[in-house]
Amino acid sequence: MLSVKLFNLTTIAYFGAMVIFISYLVTRSRTVSLVGNILCYIGFALHTAAIGMRWYESYQMLGADGRAPLTNLYESVVFFAWTILLIYILIDLKYKQRAVGAFVVPFAFLGMVWAQLYLNDVIDPLVPALQSNWLTYHVVTCFLGYACFAVAC
């Protein structure tokens, strides 16, 4: 599965960004913060591609029963990490407070590590009770709220 490899690359990018942002707290170098942001953006792009690939893989594996990758714990944690970075990037574009990355990116990194090392990444069909478009809307809005809370933390 290509999505799992992309998620691994995302985790590596987030680790690099986390280390660089922490070193930015020490150095206050503008170059260091720029490198951290570039790694964040690369990781976020990889993460977005991985989520899209996982969605595509669900249609390949399940046929017409393919679904958005938001339904099991693995996919939820991965999506949570993605929403954390989304909120961080939006805040960074508006306020340019790069030090926030040193506190936010570790949440996304740890979520990705937990998902990659300890959670089952198998794509299974949904139980009939969850086969609704409302599930996707519900999960997306909930995780956007959780991500806002994580960034505010």
# chains A, B, ... in the order shown; residues from 1 in each chain; ligands from 1

$ select_by_dssp --residues "range 24-142 of chain A" --states "alpha helix (DSSP H)" --output "ChimeraX atom specification"
/A:24-27,30-62,73-95,101-118,133-142

$ residues_around --residues "range 64-80 of chain A" --least-positions-apart "3" --cutoff "10 Å" --atoms "only C-alpha atoms" --output "PyMOL selection string"
chain A and resi 7+47-48+50-61+83-86+107-116+118-126+130-133+135-136+139-140+142-147+150

$ closest_residue --among "A:Phe149, A:Phe103, A:Tyr137, A:Tyr95" --to "Ala17 in chain A" --atoms "only C-alpha atoms"
A:Phe103

$ atom_distance --atom1 "CA of Leu93 in chain A" --atom2 "CA of Thr141 in chain A"
21.5 Å

$ residues_around --residues "Leu9 in chain A" --least-positions-apart "6" --cutoff "10 Å" --atoms "only C-alpha atoms" --output "ChimeraX atom specification"
/A:3,15,42-43,46-47,50

$ write_last_selection --atoms "N, CA and C atoms" --output "PDB file, in the first residue's frame"
ATOM      1  N   SER A   3      -0.061   4.288   0.424  1.00  0.00           N
ATOM      2  CA  SER A   3      -0.426   5.273   1.445  1.00  0.00           C
ATOM      3  C   SER A   3       0.392   5.089   2.720  1.00  0.00           C
ATOM      4  N   PHE A  15       8.993  14.789  12.142  1.00  0.00           N
ATOM      5  CA  PHE A  15      10.076  14.682  13.123  1.00  0.00           C
ATOM      6  C   PHE A  15      11.137  15.745  12.858  1.00  0.00           C
ATOM      7  N   ILE A  42       6.068  20.452   3.451  1.00  0.00           N
ATOM      8  CA  ILE A  42       6.341  19.203   2.723  1.00  0.00           C
ATOM      9  C   ILE A  42       5.615  18.039   3.398  1.00  0.00           C
ATOM     10  N   GLY A  43       5.722  17.969   4.724  1.00  0.00           N
ATOM     11  CA  GLY A  43       5.027  16.905   5.459  1.00  0.00           C
ATOM     12  C   GLY A  43       3.529  16.981   5.271  1.00  0.00           C
ATOM     13  N   LEU A  46       2.677  15.723   1.782  1.00  0.00           N
ATOM     14  CA  LEU A  46       2.763  14.257   1.780  1.00  0.00           C
ATOM     15  C   LEU A  46       1.581  13.637   2.514  1.00  0.00           C
ATOM     16  N   HIS A  47       1.222  14.242   3.632  1.00  0.00           N
ATOM     17  CA  HIS A  47       0.110  13.756   4.445  1.00  0.00           C
ATOM     18  C   HIS A  47      -1.197  13.825   3.657  1.00  0.00           C
ATOM     19  N   ALA A  50      -1.168  11.170   1.070  1.00  0.00           N
ATOM     20  CA  ALA A  50      -1.348   9.852   1.685  1.00  0.00           C
ATOM     21  C   ALA A  50      -2.814   9.599   2.031  1.00  0.00           C
TER      22      ALA A  50
END

$ residues_around --residues "Val32 in chain A" --least-positions-apart "4" --cutoff "8 Å" --atoms "only C-alpha atoms" --output "PyMOL selection string"
chain A and resi 20-21+23-24+27-28+36

$ write_last_selection --atoms "N, CA, C and O atoms" --output "PDB file, in the first residue's frame"
ATOM      1  N   ILE A  20      13.684  20.916  14.264  1.00  0.00           N
ATOM      2  CA  ILE A  20      14.104  22.241  13.792  1.00  0.00           C
ATOM      3  C   ILE A  20      13.358  23.345  14.537  1.00  0.00           C
ATOM      4  O   ILE A  20      13.966  24.355  14.913  1.00  0.00           O
ATOM      5  N   PHE A  21      12.066  23.168  14.767  1.00  0.00           N
ATOM      6  CA  PHE A  21      11.324  24.192  15.510  1.00  0.00           C
ATOM      7  C   PHE A  21      11.815  24.304  16.960  1.00  0.00           C
ATOM      8  O   PHE A  21      11.872  25.403  17.519  1.00  0.00           O
ATOM      9  N   SER A  23      14.875  23.691  17.885  1.00  0.00           N
ATOM     10  CA  SER A  23      16.148  24.416  17.795  1.00  0.00           C
ATOM     11  C   SER A  23      15.913  25.893  17.501  1.00  0.00           C
ATOM     12  O   SER A  23      16.719  26.742  17.901  1.00  0.00           O
ATOM     13  N   TYR A  24      14.808  26.219  16.846  1.00  0.00           N
ATOM     14  CA  TYR A  24      14.470  27.626  16.622  1.00  0.00           C
ATOM     15  C   TYR A  24      14.228  28.347  17.943  1.00  0.00           C
ATOM     16  O   TYR A  24      14.577  29.524  18.097  1.00  0.00           O
ATOM     17  N   THR A  27      17.800  29.196  19.019  1.00  0.00           N
ATOM     18  CA  THR A  27      18.601  30.089  18.178  1.00  0.00           C
ATOM     19  C   THR A  27      17.884  31.370  17.770  1.00  0.00           C
ATOM     20  O   THR A  27      18.539  32.371  17.505  1.00  0.00           O
ATOM     21  N   ARG A  28      16.582  31.327  17.647  1.00  0.00           N
ATOM     22  CA  ARG A  28      15.774  32.450  17.140  1.00  0.00           C
ATOM     23  C   ARG A  28      16.252  32.915  15.764  1.00  0.00           C
ATOM     24  O   ARG A  28      16.132  34.075  15.402  1.00  0.00           O
ATOM     25  N   GLY A  36      12.104  24.927   9.142  1.00  0.00           N
ATOM     26  CA  GLY A  36      11.052  24.208   9.858  1.00  0.00           C
ATOM     27  C   GLY A  36       9.708  24.323   9.150  1.00  0.00           C
ATOM     28  O   GLY A  36       8.977  23.337   9.026  1.00  0.00           O
TER      29      GLY A  36
END

$ closest_residue --among "A:Val19, A:Val151, A:Ile12, A:Val26" --to "Asp92 in chain A" --atoms "only C-alpha atoms"
A:Val151

$ closest_residue --among "A:Leu62, A:Ile38, A:Val105, A:Val100" --to "Thr11 in chain A" --atoms "only C-alpha atoms"
A:Val105

$ atom_distance --atom1 "CA of Gly63 in chain A" --atom2 "CA of Phe44 in chain A"
27.9 Å

$ decode --residues "range 110-131 of chain A" --atoms "N, CA, C and O atoms" --output "compact mmCIF listing (two decimals), in the first residue's frame"
# COMPACT_ATOMS: atom_id res chain seq x y z
N LEU A 110 3.71 12.81 17.28
CA LEU A 110 3.41 11.71 18.19
C LEU A 110 2.17 10.93 17.75
O LEU A 110 2.12 9.71 17.88
N GLY A 111 1.19 11.63 17.22
CA GLY A 111 0.01 10.94 16.67
C GLY A 111 0.38 10.03 15.52
O GLY A 111 -0.08 8.88 15.43
N MET A 112 1.24 10.52 14.63
CA MET A 112 1.66 9.70 13.50
C MET A 112 2.50 8.50 13.95
O MET A 112 2.34 7.40 13.43
N VAL A 113 3.37 8.71 14.93
CA VAL A 113 4.18 7.60 15.44
C VAL A 113 3.28 6.54 16.06
O VAL A 113 3.45 5.35 15.81
N TRP A 114 2.31 6.98 16.86
CA TRP A 114 1.39 6.03 17.47
C TRP A 114 0.63 5.25 16.41
O TRP A 114 0.52 4.01 16.49
N ALA A 115 0.13 5.95 15.40
CA ALA A 115 -0.62 5.27 14.34
C ALA A 115 0.25 4.29 13.57
O ALA A 115 -0.15 3.16 13.30
N GLN A 116 1.48 4.71 13.24
CA GLN A 116 2.35 3.87 12.43
C GLN A 116 2.87 2.64 13.19
O GLN A 116 3.01 1.57 12.59
N LEU A 117 3.12 2.79 14.47
CA LEU A 117 3.74 1.70 15.21
C LEU A 117 2.75 0.78 15.92
O LEU A 117 3.03 -0.41 16.08
N TYR A 118 1.62 1.30 16.37
CA TYR A 118 0.78 0.52 17.27
C TYR A 118 -0.64 0.24 16.77
O TYR A 118 -1.34 -0.55 17.39
N LEU A 119 -1.07 0.88 15.71
CA LEU A 119 -2.45 0.70 15.27
C LEU A 119 -2.52 -0.12 13.99
O LEU A 119 -1.60 -0.12 13.18
N ASN A 120 -3.63 -0.79 13.82
CA ASN A 120 -3.85 -1.65 12.66
C ASN A 120 -4.27 -0.79 11.47
O ASN A 120 -5.26 -0.07 11.53
N ASP A 121 -3.53 -0.90 10.35
CA ASP A 121 -3.81 -0.06 9.19
C ASP A 121 -4.61 -0.77 8.09
O ASP A 121 -4.64 -0.32 6.95
N VAL A 122 -5.30 -1.84 8.43
CA VAL A 122 -6.09 -2.59 7.46
C VAL A 122 -7.35 -1.79 7.08
O VAL A 122 -7.97 -1.16 7.92
N ILE A 123 -7.69 -1.83 5.80
CA ILE A 123 -8.91 -1.17 5.32
C ILE A 123 -10.03 -2.21 5.33
O ILE A 123 -10.01 -3.16 4.56
N ASP A 124 -10.97 -2.03 6.24
CA ASP A 124 -12.10 -2.95 6.36
C ASP A 124 -13.38 -2.25 5.91
O ASP A 124 -13.50 -1.03 6.01
N PRO A 125 -14.37 -3.04 5.46
CA PRO A 125 -15.66 -2.41 5.12
C PRO A 125 -16.37 -1.90 6.37
O PRO A 125 -16.15 -2.39 7.48
N LEU A 126 -17.20 -0.90 6.17
CA LEU A 126 -17.97 -0.33 7.28
C LEU A 126 -19.13 -1.23 7.68
O LEU A 126 -19.72 -1.90 6.83
N VAL A 127 -19.44 -1.18 8.96
CA VAL A 127 -20.66 -1.86 9.41
C VAL A 127 -21.84 -1.06 8.87
O VAL A 127 -21.74 0.15 8.65
N PRO A 128 -22.99 -1.69 8.66
CA PRO A 128 -24.13 -0.98 8.05
C PRO A 128 -24.56 0.29 8.79
O PRO A 128 -24.99 1.26 8.17
N ALA A 129 -24.42 0.31 10.11
CA ALA A 129 -24.86 1.48 10.88
C ALA A 129 -24.03 2.73 10.55
O ALA A 129 -24.49 3.85 10.76
N LEU A 130 -22.82 2.55 10.04
CA LEU A 130 -21.95 3.69 9.75
C LEU A 130 -21.92 4.07 8.27
O LEU A 130 -21.19 4.98 7.89
N GLN A 131 -22.69 3.40 7.45
CA GLN A 131 -22.67 3.67 6.01
C GLN A 131 -23.58 4.84 5.68
O GLN A 131 -24.68 4.68 5.16
